[in-house]
Amino acid sequence: MSGRDELRNNGVVKNGEAKRETPREELATGERPTRNRIARSVLDHGPSTVAELAGRLGLTQAAVRRHLDALVTDRVVEAREQRVYGARTRGRPAKVFALTDCGRDAFDQSYDQLAADALRWIAETSGDGAVAAFARARIEAQAGAYRAAVEAAEPGSRTEALAKALSADGYAATARRAPGPQRGEQLCQHHCPVAHVAEQYPQLCEAETEFFSSLLGTHVQRLATIAHGDEVCTTYIPRSGHTAPQTTSSASASTAGRNPA
């Protein structure tokens with residue numbers, strides 16, 4: 001099975017952890033590849049009955065039902081009544097299984113390439129300054145929840161409040177005391193939804209850093225980024241006049257201390 005055909009792990013990173021992990025025994029018995037095949041068959045052929053899937057894949061109907069139950073639990077597929085065109089026959093329509101939006105998103109998509117192509121067109125037609133303006137406008141459009149969270153927090157807890165707001169948007173962020181003699185904190189983002197595009201267009205990272213600085217009312221320094229190959233996006237936030245909070249997660253920024261991205 002090619003990488004394009006493979007169903008990605010559907011555990012969504014949010015609030016710093018995966019919603020669902022694949023059990024070891026499932027991987028050991030090869031059940032995940034079979035479920036990938038079933039989901040791919042539904043993608044290629046449309047909503048399908050158990051009998052149709054069994055026939056296409058050379059599986060027993062009992063095996064197909066068991067795998068479909070797991071895929072329904074994972075919200076990859078959903079059961080629905082088969083549409084009947086023309087005169088209906090006696091009895092209930094057969095049940096078919098169709099991909100959910102979540103299931104479609106689990107397959108390889110071209111969103112990253114589409115975004116990169118759009119930014120390339122902006123750069124070629126209007127210059128790099130237009131890319132930077134787009135990046136700032138994108139951040140500003142998402143800024144409302146972040147501003148509300150930071151403004152509602154005590155001065156000494158604003159970095160932690162920002163981390164929680166970022167985690168709610170899938171960045172798996174934490175706030176921790178900066179190591180060594182530095183008087184400040186580190187905002188660590190363990191996931192970046194736009195990392196592949198930001199690798200080509202660092203203006204996205206730069207706009208985010210500028211926004212953090214404006215939001216927190218102090219100069220901040222980006223120490224590392226996932227887009228540049230680091231494990232964590234790490235931003236140093238200096239503090240003065242009060243003590244920084246203790247680490248809010250056991251996760252640490254292994255890239256701390258590297259040169260600015």
# chains A, B, ... in the order shown; residues from 1 in each chain; ligands from 1

call {"tool": "select_by_dssp", "arguments": {"residues": "stretch 107-215 of chain A", "states": "helix (DSSP H, G or I)", "output": "JSON, numbers by chain"}}
result
{"A": [111, 112, 113, 114, 115, 116, 117, 118, 119, 120, 121, 122, 123, 124, 125, 126, 128, 129, 130, 131, 132, 133, 134, 135, 136, 137, 138, 139, 140, 141, 143, 144, 145, 146, 147, 148, 149, 150, 151, 152, 155, 156, 157, 158, 159, 160, 161, 162, 163, 164, 165, 166, 167, 168, 195, 196, 197, 198, 199, 200, 203, 204, 205, 206, 207, 208, 209, 210, 211, 212, 213, 214, 215]}

call {"tool": "select_by_dssp", "arguments": {"residues": "stretch 131-228 of chain A", "states": "strand (DSSP E)", "output": "list in words"}}
result
Ala173, Thr174, Ala175, Arg176, Arg177, Gly184, Glu185, Gln186, Leu187, Cys188, Gln189, Gln221, Arg222, Leu223 and Ala224 of chain A

call {"tool": "closest_residue", "arguments": {"among": "A:Leu187, A:Ala130, A:Ala135, A:Ala70", "to": "A:Phe212", "atoms": "only C-alpha atoms"}}
result
A:Leu187

call {"tool": "atom_distance", "arguments": {"atom1": "atom CA of A:Glu231", "atom2": "atom CA of A:Gly184"}}
result
20.9 Å

call {"tool": "closest_atom_pairs", "arguments": {"of": "stretch 37-153 of chain A", "to": "stretch 159-181 of chain A", "cutoff": "12 Å", "atoms": "only C-alpha atoms", "output": "CSV"}}
result
residue,atom,partner,partner_atom,distance
A:Gln142,CA,A:Asp169,CA,9.8
A:Ala143,CA,A:Ala165,CA,10.2
A:Gly144,CA,A:Ala165,CA,10.4
A:Ala145,CA,A:Ala165,CA,7.0
A:Tyr146,CA,A:Ala165,CA,5.9
A:Arg147,CA,A:Leu162,CA,8.3
A:Ala148,CA,A:Ala165,CA,9.3
A:Ala149,CA,A:Ala161,CA,5.8
A:Val150,CA,A:Ala161,CA,5.6
A:Glu151,CA,A:Ala161,CA,9.0
A:Ala152,CA,A:Ala161,CA,8.5
A:Ala153,CA,A:Ala161,CA,6.5

call {"tool": "write_last_selection", "arguments": {"atoms": "C-alpha atoms", "output": "PDB file, in the first residue's frame"}}
result
ATOM      1  CA  GLN A 142      -7.578  34.160  14.853  1.00  0.00           C
ATOM      2  CA  ALA A 143      -6.556  36.562  17.601  1.00  0.00           C
ATOM      3  CA  GLY A 144      -9.853  37.097  19.433  1.00  0.00           C
ATOM      4  CA  ALA A 145      -9.778  33.997  21.642  1.00  0.00           C
ATOM      5  CA  TYR A 146      -6.090  34.462  22.431  1.00  0.00           C
ATOM      6  CA  ARG A 147      -6.571  38.095  23.466  1.00  0.00           C
ATOM      7  CA  ALA A 148      -9.543  37.214  25.644  1.00  0.00           C
ATOM      8  CA  ALA A 149      -7.614  34.444  27.397  1.00  0.00           C
ATOM      9  CA  VAL A 150      -4.543  36.588  28.060  1.00  0.00           C
ATOM     10  CA  GLU A 151      -6.472  39.662  29.185  1.00  0.00           C
ATOM     11  CA  ALA A 152      -8.500  37.590  31.645  1.00  0.00           C
ATOM     12  CA  ALA A 153      -5.378  36.120  33.262  1.00  0.00           C
TER      13      ALA A 153
END

call {"tool": "closest_residue", "arguments": {"among": "A:Ser214, A:Thr234, A:Thr100, A:Thr60", "to": "A:Val72", "atoms": "only C-alpha atoms"}}
result
A:Thr100

call {"tool": "closest_residue", "arguments": {"among": "A:Glu31, A:Thr209, A:Leu216, A:Pro47", "to": "A:Ile139", "atoms": "only C-alpha atoms"}}
result
A:Thr209

call {"tool": "atom_distance", "arguments": {"atom1": "atom CA of A:Val77", "atom2": "atom CA of A:Ala195"}}
result
28.0 Å

call {"tool": "closest_residue", "arguments": {"among": "A:Arg32, A:His219, A:Ile38, A:Val76", "to": "A:Gln61", "atoms": "only C-alpha atoms"}}
result
A:Ile38

call {"tool": "atom_distance", "arguments": {"atom1": "atom CA of A:Thr49", "atom2": "atom CA of A:Arg65"}}
result
9.8 Å

call {"tool": "closest_residue", "arguments": {"among": "A:Thr125, A:Gln82, A:Ser213, A:Ser157", "to": "A:Val50", "atoms": "only C-alpha atoms"}}
result
A:Gln82
